[in-house]
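So this block is model10.txt, compact mmCIF, C-alpha atoms:
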# COMPACT_ATOMS: atom_id res chain seq x y z
CA MET A 1 40.06 89.46 -68.34
CA ARG A 2 36.57 90.23 -67.06
CA LYS A 3 35.11 93.66 -67.83
CA PRO A 4 34.91 94.69 -64.13
CA ASP A 5 38.59 93.73 -63.66
CA ALA A 6 39.57 95.67 -66.78
CA ALA A 7 37.75 98.75 -65.45
CA VAL A 8 39.54 98.53 -62.08
CA LEU A 9 42.89 98.08 -63.79
CA ALA A 10 42.25 101.08 -66.03
CA GLN A 11 41.57 103.23 -62.98
CA ARG A 12 44.84 102.13 -61.34
CA LEU A 13 46.83 102.79 -64.50
CA ASP A 14 45.27 106.24 -64.79
CA GLN A 15 46.97 107.04 -61.50
CA LYS A 16 50.39 106.03 -62.83
CA PRO A 17 51.97 103.58 -65.33
CA LEU A 18 52.43 99.90 -64.50
CA TYR A 19 56.21 100.33 -64.44
CA ASP A 20 55.89 102.92 -61.67
CA TRP A 21 53.60 100.64 -59.67
CA LEU A 22 56.16 97.85 -59.98
CA GLN A 23 58.99 100.12 -58.91
CA ASP A 24 57.33 102.31 -56.26
CA ASP A 25 54.77 100.01 -54.64
CA PHE A 26 55.84 96.45 -55.46
CA GLY A 27 59.59 96.85 -55.84
CA HIS A 28 60.28 95.09 -52.53
CA ILE A 29 58.45 91.93 -53.67
CA LYS A 30 61.19 89.66 -55.03
CA ASP A 31 60.64 87.88 -58.39
CA LEU A 32 57.30 89.60 -59.04
CA THR A 33 56.47 89.78 -62.76
CA ALA A 34 54.53 92.44 -64.64
CA SER A 35 51.64 90.00 -64.99
CA ASP A 36 51.64 89.47 -61.22
CA GLY A 37 51.63 93.24 -60.73
CA VAL A 38 48.51 93.54 -62.87
CA LYS A 39 46.73 90.98 -60.67
CA LEU A 40 47.71 92.86 -57.54
CA LEU A 41 46.38 96.12 -58.98
CA ILE A 42 43.05 94.53 -59.84
CA HIS A 43 42.61 93.34 -56.24
CA MET A 44 44.29 96.21 -54.39
CA ASP A 45 41.13 97.04 -52.43
CA GLN A 46 41.29 93.58 -50.81
CA LEU A 47 45.03 93.21 -50.27
CA CYS A 48 46.52 96.72 -50.03
CA HIS A 49 46.98 96.35 -46.26
CA LEU A 50 49.22 93.30 -46.85
CA VAL A 51 51.41 94.58 -49.67
CA PHE A 52 53.97 96.13 -47.31
CA SER A 53 54.61 92.74 -45.65
CA MET A 54 54.99 90.74 -48.89
CA THR A 55 58.61 89.72 -49.38
CA ASP A 56 58.50 87.63 -52.55
CA ARG A 57 56.26 86.37 -55.34
CA LYS A 58 55.09 83.41 -53.23
CA ASP A 59 53.58 85.85 -50.73
CA ALA A 60 51.76 87.70 -53.51
CA MET A 61 50.39 84.49 -54.98
CA LEU A 62 49.27 83.28 -51.56
CA ALA A 63 47.33 86.50 -50.99
CA LEU A 64 45.74 86.36 -54.44
CA ARG A 65 44.57 82.78 -53.82
CA ASN A 66 42.95 83.73 -50.52
CA LEU A 67 41.25 87.04 -51.27
CA ASP A 68 38.08 86.13 -49.37
CA ILE A 69 39.83 85.87 -45.99
CA LEU A 70 42.47 88.61 -46.23
CA ASP A 71 40.49 91.07 -44.14
CA GLN A 72 41.08 88.81 -41.11
CA PHE A 73 44.84 89.40 -41.12
CA SER A 74 47.05 92.43 -40.60
CA CYS A 75 50.20 91.07 -42.25
CA MET A 76 51.46 88.14 -44.34
CA ASP A 77 52.94 86.38 -41.32
CA ASP A 78 49.49 86.21 -39.72
CA LEU A 79 48.02 84.79 -42.93
CA LYS A 80 50.75 82.15 -43.16
CA LYS A 81 50.26 81.08 -39.56
CA ASN A 82 46.59 80.35 -40.19
CA VAL A 83 46.50 79.29 -43.85
CA ALA A 84 46.89 75.58 -43.06
CA GLN A 85 43.61 75.67 -41.13
CA MET A 86 41.79 77.79 -43.71
CA ASP A 87 43.05 76.57 -47.09
CA GLN A 88 40.31 74.29 -48.39
CA ASP A 89 42.56 72.33 -50.74
CA TRP A 90 45.03 71.57 -47.96
CA CYS A 91 42.28 70.60 -45.54
CA SER A 92 40.84 68.17 -48.09
CA LEU A 93 44.25 66.77 -49.05
CA SER A 94 45.50 66.28 -45.49
CA GLU A 95 42.23 64.60 -44.51
CA THR A 96 42.49 62.22 -47.46
CA MET A 97 46.11 61.42 -46.54
CA LYS A 98 45.13 60.88 -42.88
CA LEU A 99 48.19 62.74 -41.67
CA SER A 100 48.82 62.41 -37.95
CA ARG A 101 49.16 65.36 -35.60
CA GLU A 102 52.79 64.36 -35.05
CA PHE A 103 53.44 64.50 -38.82
CA LEU A 104 51.79 67.92 -39.13
CA GLU A 105 53.87 69.29 -36.26
CA LEU A 106 57.14 67.72 -37.40
CA PHE A 107 56.88 69.01 -40.98
CA GLU A 108 54.98 72.23 -40.28
CA GLU A 109 57.50 74.44 -42.10
CA ASN A 110 57.55 72.23 -45.20
CA ILE A 111 53.76 72.10 -45.24
CA LEU A 112 53.48 75.89 -45.06
CA SER A 113 55.91 76.29 -47.95
CA PHE A 114 53.97 73.67 -49.93
CA ILE A 115 50.68 75.53 -49.43
CA CYS A 116 52.23 78.92 -50.20
CA GLU A 117 53.55 77.63 -53.53
CA ASN A 118 50.04 76.41 -54.42
CA GLY A 119 51.11 72.81 -53.87
CA ALA A 120 47.92 71.81 -52.09
CA ALA A 121 45.70 73.09 -54.91
CA ILE A 122 47.86 71.40 -57.56
CA ALA A 123 48.03 68.12 -55.68
CA GLU A 124 44.34 68.01 -54.80
CA THR A 125 43.30 68.85 -58.36
CA TYR A 126 45.52 66.12 -59.77
CA ARG A 127 44.49 63.56 -57.17
CA LYS A 128 40.84 64.03 -58.08
CA ASN A 129 41.70 63.58 -61.76
CA LEU A 130 43.43 60.27 -61.14
CA ASP A 131 41.83 56.86 -61.25
CA SER A 132 41.32 55.60 -57.68
CA SER A 133 43.93 52.86 -58.23
CA LYS A 134 46.62 55.50 -58.86
CA GLN A 135 45.78 57.93 -56.08
CA ASP A 136 47.69 56.13 -53.32
CA ALA A 137 50.86 56.12 -55.45
CA PHE A 138 50.56 59.85 -56.06
CA LEU A 139 49.94 60.55 -52.38
CA CYS A 140 53.21 58.75 -51.60
CA VAL A 141 54.90 61.34 -53.83
CA VAL A 142 53.11 64.19 -52.04
CA LYS A 143 54.03 62.79 -48.65
CA ALA A 144 57.70 62.53 -49.64
CA GLU A 145 57.59 66.17 -50.79
CA LEU A 146 56.09 67.27 -47.47
CA MET A 147 58.83 65.38 -45.64
CA GLY A 148 61.52 67.02 -47.77
CA GLN A 149 62.53 63.59 -49.06
CA LEU A 150 61.22 63.49 -52.63
CA ASP A 151 64.75 62.99 -53.93
CA GLU A 152 65.05 59.83 -51.84
CA LEU A 153 61.73 58.51 -53.15
CA LYS A 154 62.44 59.31 -56.80
CA TYR A 155 65.85 57.66 -56.72
CA PHE A 156 64.99 54.89 -54.29
CA GLU A 157 67.66 52.21 -54.16
CA GLY A 158 67.42 49.80 -57.07
CA ASP A 159 64.49 51.50 -58.81
CA LEU A 160 66.51 52.97 -61.69
CA GLN A 161 68.13 49.69 -62.61
CA GLN A 162 64.81 47.88 -62.37
CA GLU A 163 63.05 50.45 -64.55
CA ILE A 164 65.48 50.17 -67.46
CA ASP A 165 66.56 46.54 -66.94
CA PHE A 166 70.25 47.32 -67.39
CA PRO A 167 73.21 46.96 -65.00
CA LEU A 168 74.39 50.37 -63.76
CA THR A 169 77.64 51.42 -62.16
CA HIS A 170 77.79 53.69 -59.13
CA GLN A 171 79.24 56.40 -61.37
CA VAL A 172 76.21 56.26 -63.68
CA LYS A 173 73.73 56.31 -60.80
CA THR A 174 75.30 59.32 -59.08
CA GLY A 175 75.93 61.10 -62.37
CA TRP A 176 72.33 60.69 -63.46
CA LYS A 177 71.02 62.20 -60.21
CA ARG A 178 73.22 65.28 -60.55
CA ASN A 179 71.37 68.11 -62.31
CA LEU A 180 73.32 70.02 -64.94
CA THR A 181 72.74 73.65 -65.95
CA MET A 182 73.96 75.81 -68.81
CA GLU A 183 73.60 79.52 -69.53
CA ARG A 184 74.39 81.57 -72.61
CA ASN A 185 73.27 85.03 -73.71
CA GLY A 186 70.57 85.20 -71.04
CA LEU A 187 69.14 81.78 -71.90
CA ALA A 188 69.36 79.29 -69.02
CA VAL A 189 68.84 75.55 -69.56
CA GLY A 190 68.86 72.93 -66.83
CA GLU A 191 67.70 69.54 -65.59
CA TYR A 192 64.87 69.50 -63.05
CA ASP A 193 63.37 66.72 -60.96
CA ASP A 194 61.60 68.54 -58.10
CA PHE A 195 57.88 68.31 -57.32
CA PHE A 196 56.70 71.56 -58.89
CA SER A 197 58.86 71.34 -62.00
CA THR A 198 57.45 67.88 -62.58
CA MET A 199 53.81 68.66 -61.81
CA LEU A 200 53.82 71.74 -64.04
CA LEU A 201 55.62 70.28 -67.06
CA GLY A 202 52.28 70.04 -68.86
CA VAL A 203 51.56 73.70 -68.11
CA HIS A 204 54.90 75.29 -69.09
CA PRO A 205 55.60 76.80 -71.52
CA TYR A 206 52.00 76.13 -72.61
CA SER A 207 49.26 73.63 -71.83
CA THR A 208 49.76 70.15 -73.32
CA CYS A 209 48.19 66.71 -72.96
CA LEU A 210 50.13 66.28 -69.69
CA ASP A 211 48.52 69.31 -68.03
CA TYR A 212 47.77 68.11 -64.49
CA SER A 213 44.27 69.62 -64.52
CA SER A 214 42.99 69.25 -68.08
CA GLY A 215 45.44 67.24 -70.19
CA ALA A 216 44.07 64.30 -72.17
CA TYR A 217 46.91 62.09 -70.87
CA ARG A 218 47.28 63.67 -67.43
CA GLU A 219 47.32 60.25 -65.74
CA CYS A 220 50.69 59.69 -67.44
CA LEU A 221 52.11 62.67 -65.56
CA LEU A 222 52.62 60.46 -62.50
CA SER A 223 55.26 58.45 -64.38
CA SER A 224 57.40 61.61 -64.59
CA PHE A 225 58.45 60.87 -61.00
CA ASP A 226 60.12 57.63 -62.17
CA SER A 227 63.86 57.44 -61.53
CA ASN A 228 64.82 57.46 -65.21
CA LYS A 229 63.01 60.68 -66.18
CA LYS A 230 63.98 64.33 -65.85
CA ILE A 231 62.66 67.55 -67.35
CA LEU A 232 64.76 70.08 -69.20
CA TYR A 233 63.54 73.67 -68.88
CA ALA A 234 64.72 76.70 -70.79
CA THR A 235 64.17 80.09 -69.15
CA LEU A 236 64.65 83.52 -70.67
CA GLU A 237 64.54 86.56 -68.39
CA GLY A 238 62.77 84.47 -65.75
CA ARG A 239 60.15 83.11 -68.18
CA ILE A 240 59.88 79.42 -69.01
CA VAL A 241 60.03 79.31 -72.80
CA GLY A 242 60.83 75.65 -73.44
CA ARG A 243 60.86 72.17 -71.97
CA ALA A 244 61.63 68.60 -72.99
CA PHE A 245 61.85 65.15 -71.40
CA LEU A 246 65.25 63.56 -70.85
CA ARG A 247 65.13 59.80 -70.29
CA LEU A 248 67.81 57.36 -69.26
CA THR A 249 67.03 53.98 -70.78
CA LYS A 250 68.64 51.43 -73.07
CA GLY A 251 68.52 50.96 -76.81
CA ARG A 252 69.74 48.87 -79.68
CA MET A 253 70.21 49.05 -83.40
CA LYS A 254 67.20 47.44 -85.02
CA GLY A 255 67.86 43.84 -85.91
CA PRO A 256 65.49 40.98 -86.86
CA ASP A 257 67.50 38.38 -84.98
CA GLU A 258 67.36 40.14 -81.63
CA THR A 259 65.38 38.32 -78.93
CA GLU A 260 64.29 39.47 -75.48
CA PRO A 261 66.16 38.05 -72.46
CA GLN A 262 64.54 34.93 -71.07
CA PHE A 263 62.83 35.11 -67.68
CA THR A 264 64.06 32.06 -65.73
CA PHE A 265 65.16 30.78 -62.30
CA VAL A 266 68.16 32.31 -60.51
CA ASP A 267 71.43 30.54 -59.86
CA LEU A 268 71.61 30.47 -56.06
CA GLU A 269 75.39 30.12 -56.21
CA ASP A 270 75.65 33.48 -58.04
CA VAL A 271 72.55 35.44 -57.09
CA GLU A 272 73.98 38.87 -57.93
CA ALA A 273 74.82 37.92 -61.50
CA SER A 274 71.43 36.30 -61.89
CA ARG A 275 69.71 39.45 -60.75
CA GLN A 276 71.51 41.50 -63.37
CA GLY A 277 70.75 38.99 -66.06
CA PRO A 278 72.43 38.74 -69.42
CA VAL A 279 73.07 41.94 -71.33
CA SER A 280 72.70 41.65 -75.07
CA LYS A 281 75.81 42.65 -76.98
CA HIS A 282 73.51 44.81 -79.09
CA GLU A 283 72.07 46.80 -76.16
CA PHE A 284 73.48 50.17 -75.11
CA LEU A 285 72.83 52.46 -72.18
CA THR A 286 70.97 55.30 -73.87
CA LEU A 287 70.14 58.91 -73.09
CA PHE A 288 67.00 59.91 -74.99
CA LEU A 289 66.05 63.55 -75.56
CA GLU A 290 62.37 63.84 -76.45
CA ARG A 291 60.73 66.51 -78.61
CA PRO A 292 60.85 70.09 -77.32
CA TYR A 293 57.89 72.30 -76.43
CA ILE A 294 58.78 75.94 -77.09
CA SER A 295 56.66 79.08 -76.95
CA ARG A 296 56.75 82.90 -77.00
CA VAL A 297 60.11 83.28 -78.77
CA ASN A 298 61.18 84.08 -82.31
CA SER A 299 62.61 81.49 -84.70
CA GLU A 300 66.21 82.40 -83.90
CA MET A 301 65.69 81.94 -80.15
CA LYS A 302 63.74 78.71 -80.77
CA ASN A 303 66.75 77.30 -82.60
CA GLN A 304 69.04 78.46 -79.78
CA ILE A 305 66.84 76.68 -77.21
CA MET A 306 66.95 73.47 -79.21
CA GLN A 307 70.72 73.71 -79.58
CA SER A 308 71.03 74.29 -75.83
CA PHE A 309 68.88 71.25 -75.06
CA VAL A 310 71.10 69.15 -77.34
CA GLY A 311 74.25 70.66 -75.83
CA LEU A 312 73.19 69.84 -72.28
CA ALA A 313 72.12 66.32 -73.28
CA LEU A 314 75.46 65.78 -75.03
CA ARG A 315 77.35 66.90 -71.94
CA LYS A 316 75.24 64.56 -69.79
CA SER A 317 75.74 61.69 -72.20
CA GLU A 318 79.51 62.14 -72.12
CA GLU A 319 79.51 62.12 -68.31
CA LEU A 320 77.47 58.91 -68.21
CA ASP A 321 79.15 57.30 -71.25
CA THR A 322 75.85 56.59 -73.03
CA VAL A 323 74.57 56.61 -76.57
CA LEU A 324 72.74 59.91 -77.16
CA VAL A 325 69.48 59.66 -79.11
CA LEU A 326 67.43 62.67 -80.19
CA SER A 327 63.89 63.06 -81.45
CA MET A 328 63.76 63.99 -85.14
CA ASP A 329 62.43 67.39 -84.04
CA TYR A 330 66.06 68.42 -83.49
CA HIS A 331 67.00 67.86 -87.14
CA GLY A 332 68.60 71.09 -88.30
CA SER A 333 69.58 72.15 -84.78
CA CYS A 334 71.98 69.37 -83.76
CA GLY A 335 74.85 69.74 -86.20
CA ALA A 336 76.69 67.21 -88.35
CA SER A 337 77.67 64.94 -85.46
CA PHE A 338 74.28 63.19 -85.54
CA ALA A 339 73.08 60.62 -88.05
CA GLN A 340 69.49 59.73 -88.89
CA THR A 341 68.72 56.03 -88.46
CA LYS A 342 66.25 53.46 -87.20
CA PHE A 343 66.76 52.68 -83.52
CA ASP A 344 64.98 50.64 -80.86
CA ILE A 345 64.20 52.52 -77.64
CA TYR A 346 63.41 50.49 -74.54
CA ILE A 347 60.09 51.42 -72.92
CA SER A 348 61.07 51.44 -69.28
CA ARG A 349 58.98 49.99 -66.50
CA SER A 350 57.01 52.62 -64.61
CA LYS A 351 55.62 52.60 -61.10
CA ALA A 352 52.71 54.65 -62.49
CA GLY A 353 51.59 51.90 -64.88
CA MET A 354 51.22 54.32 -67.80
CA GLN A 355 53.61 56.82 -69.35
CA TYR A 356 53.63 59.21 -72.28
CA LEU A 357 56.30 58.89 -74.97
CA ASP A 358 56.32 61.85 -77.35
CA SER A 359 58.48 60.10 -79.92
CA LEU A 360 56.88 56.66 -79.72
CA ASP A 361 53.22 57.21 -80.57
CA GLY A 362 52.09 58.81 -77.33
CA SER A 363 50.88 56.91 -74.27
CA ALA A 364 52.38 53.57 -73.32
CA THR A 365 50.45 51.28 -71.00
CA ALA A 366 51.90 48.72 -68.62
CA THR A 367 51.47 46.05 -71.29
CA LYS A 368 54.07 47.84 -73.46
CA GLU A 369 56.57 48.29 -70.66
CA GLY A 370 59.67 46.16 -70.78
CA SER A 371 59.62 46.05 -74.58
CA TYR A 372 61.17 48.01 -77.42
CA GLY A 373 59.62 50.70 -79.56
CA THR A 374 61.11 51.50 -82.95
CA ASN A 375 61.30 54.81 -84.77
CA THR A 376 63.68 56.97 -86.77
CA PHE A 377 65.93 59.04 -84.52
CA LEU A 378 69.07 61.14 -84.59
CA ILE A 379 72.01 59.19 -83.13
CA HIS A 380 75.21 60.83 -81.98
CA LYS A 381 78.24 59.60 -83.89
CA ASP A 382 81.13 58.87 -81.49
Re-express the file's structure as structure tokens.
Amino acid sequence: MRKPDAAVLAQRLDQKPLYDWLQDDFGHIKDLTASDGVKLLIHMDQLCHLVFSMTDRKDAMLALRNLDILDQFSCMDDLKKNVAQMDQDWCSLSETMKLSREFLELFEENILSFICENGAAIAETYRKNLDSSKQDAFLCVVKAELMGQLDELKYFEGDLQQEIDFPLTHQVKTGWKRNLTMERNGLAVGEYDDFFSTMLLGVHPYSTCLDYSSGAYRECLLSSFDSNKKILYATLEGRIVGRAFLRLTKGRMKGPDETEPQFTFVDLEDVEASRQGPVSKHEFLTLFLERPYISRVNSEMKNQIMQSFVGLALRKSEELDTVLVLSMDYHGSCGASFAQTKFDIYISRSKAGMQYLDSLDGSATATKEGSYGTNTFLIHKD
């Protein structure tokens, strides 16, 4: 915190404690955290006239991101009505995307929500960090989010089966799309696949190499929108304290005699079977839980988070009838029903061209896609 900000905050807290500010002045602002309250106090001179019209945390964050123009508006509704014309990140992003007037009018409500949740700033920052060859693909994701159709894009017909090169039943496809949640003793764990949960997976619960703005492997973040990937988040009292990747793929027990399926011409008399191709008797549909990232909890809660991640993955695996494979990071938290062994994990094809695999030596380029990576994992014993 800058010294001038600290001085302003001290003056506010001399008037009354932070708790009283949160209760008396900001109590009507839904989901506001103590940290958010501190930011509001620091900038009260600029936004005090808008506090009464803030209804939730999104409003507060929108005001804090636009401090320079707040004096032009008498309430949050006025700010929202004009923010699309004044938000520099959105103006730059929409110009790059060449969005038509008809598109802007048709999806005006979605666009406003996107800007208010800082989506324009996140998207524009990430776009600029991407290689030019990947920007168009990312903008397709952004466009789908603005249209309210990201789910349709992520799970576009046929993509999942093509990514993992394995025949899938309707039950598996629909079961994979369904997001599971679990809650115990105030700890909530769930599957997420929405735009913001995906874009911020490198930020929460702390900055990693997939941080959209500064991560060393941030280009790999785009692959997180592939059909076969989801993010598990653990939240405690509203705070994100853990996350992990959950991948649907295929796997096999390591064997020297195993060969990759041959790429050949289709049988025109049985096109559907040719499309599916032969399935090795040694290959299994596999649910793969990657290493967890956990922060700001004690060792007991860390173990509970890891157990919850494993519990949710096990429940998902049973629904989909897959082999469940865990990163070795869960050793000691998964119980006696898992065995340590060598296992081949299939590196799925990605529309992003590059993906990050925590448990398989980091980044995987397009040249590694469609092949197997081997490591020691924890395998669930049926």
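Across A:Asn375, A:Ser74, A:Gln23, A:Ser35, the tightest approach to Leu9 of chain A is made by A:Ser35 when counting all atoms listed in the file.
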Counting only C-alpha atoms, which residue out of A:Phe245, A:Trp21, A:Tyr293, A:Phe114 sits closest to Val83 of chain A? A:Phe114
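Minimum atom-to-atom distances from A:Asp136, A:Asp5, A:Asp14, A:Asp329 to Val38 of chain A were compared using only C-alpha atoms, and the lowest value belongs to A:Asp5.
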In terms of the shortest atom-to-atom distance over all atoms listed in the file, which of A:Thr374, A:Gln15, A:Asn66, A:Gln340 is closest to Cys116 of chain A?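 Closest residue, counting all atoms listed in the file: A:Asn66.
Among the candidates A:Phe138, A:Phe338, A:Phe166, A:Tyr206, the one nearest to Thr286 of chain A when counting only C-alpha atoms is A:Phe166.
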Please provide the set of residues having any atom within 8 Å of His28 of chain A, restricted to all atoms listed in the file, with same-chain residues fewer than 4 positions apart removed, written as number ranges by chain. A: 54-56
Quick one: pull the distance between atom CA of Leu112 of chain A and atom CA of Ser224 of chain A, Å, one decimal.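 Pair atom CA of Leu112 of chain A / atom CA of Ser224 of chain A returns 24.5 Å.
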Give the answer as one residue: which of A:Glu124, A:Asp131, A:Asp71, A:Asp321 has the shortest atom-to-atom distance to Thr96 of chain A, using only C-alpha atoms?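 Between A:Glu124, A:Asp131, A:Asp71, A:Asp321, the residue approaching Thr96 of chain A most closely is A:Glu124.
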Adding 8 Å on each side of the box along x, y and z that holds all listed atoms of segment 42-48 of chain A, could you give its centre and edge lengths in Å to one decimal, as AutoDock Vina command-line options?
--center_x 43.8 --center_y 95.1 --center_z -54.9 --size_x 21.4 --size_y 19.8 --size_z 25.8
Compile the contact shell of Arg315 of chain A as an MDAnalysis selection string: residues with an atom at most 9 Å away, counting all atoms listed in the file, same-chain residues fewer than 5 positions apart removed. chainID A and resid 180 310 320
Please, could you write that set of residues out with C-alpha atoms as an mmCIF file, in the frame of the given file?
data_model
loop_
_atom_site.group_PDB
_atom_site.id
_atom_site.type_symbol
_atom_site.label_atom_id
_atom_site.label_comp_id
_atom_site.auth_asym_id
_atom_site.auth_seq_id
_atom_site.Cartn_x
_atom_site.Cartn_y
_atom_site.Cartn_z
ATOM 1 C CA LEU A 180 73.320 70.020 -64.940
ATOM 2 C CA VAL A 310 71.100 69.150 -77.340
ATOM 3 C CA LEU A 320 77.470 58.910 -68.210
#
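One distance worth recording is that between atom CA of Tyr233 of chain A and atom CA of Met328 of chain A, which is 18.9 Å.
Look at segment 152-154 of chain A: the protein and nucleic acid residues within 10 Å of it, using all atoms listed in the file and passing over chain neighbours fewer than 5 places away, are Cys140, Val141, Lys143, Ala144, Glu145, Asp159, Leu160, Lys177, Asp193, Asp194, Ser224, Phe225, Asp226, Ser227, Asn228 and Lys229 of chain A.
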Pairwise distance for atom CA of Gln135 of chain A and atom CA of Trp90 of chain A, rounded to one decimal in Å: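 Interatomic distance here is 15.9 Å.
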Near-Ile69 of chain A list (10 Å; only C-alpha atoms; drop same-chain fewer than 3 positions) as a VMD selection string: chain A and resid 46 to 47 63 65 to 66 72 to 73 79 83 86 to 87
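Residues in contact with Ser214 of chain A at 9 Å, where all atoms listed in the file are counted and same-chain residues fewer than 6 positions away are skipped, are listed as Asn129, Ser207 and Thr208 of chain A.
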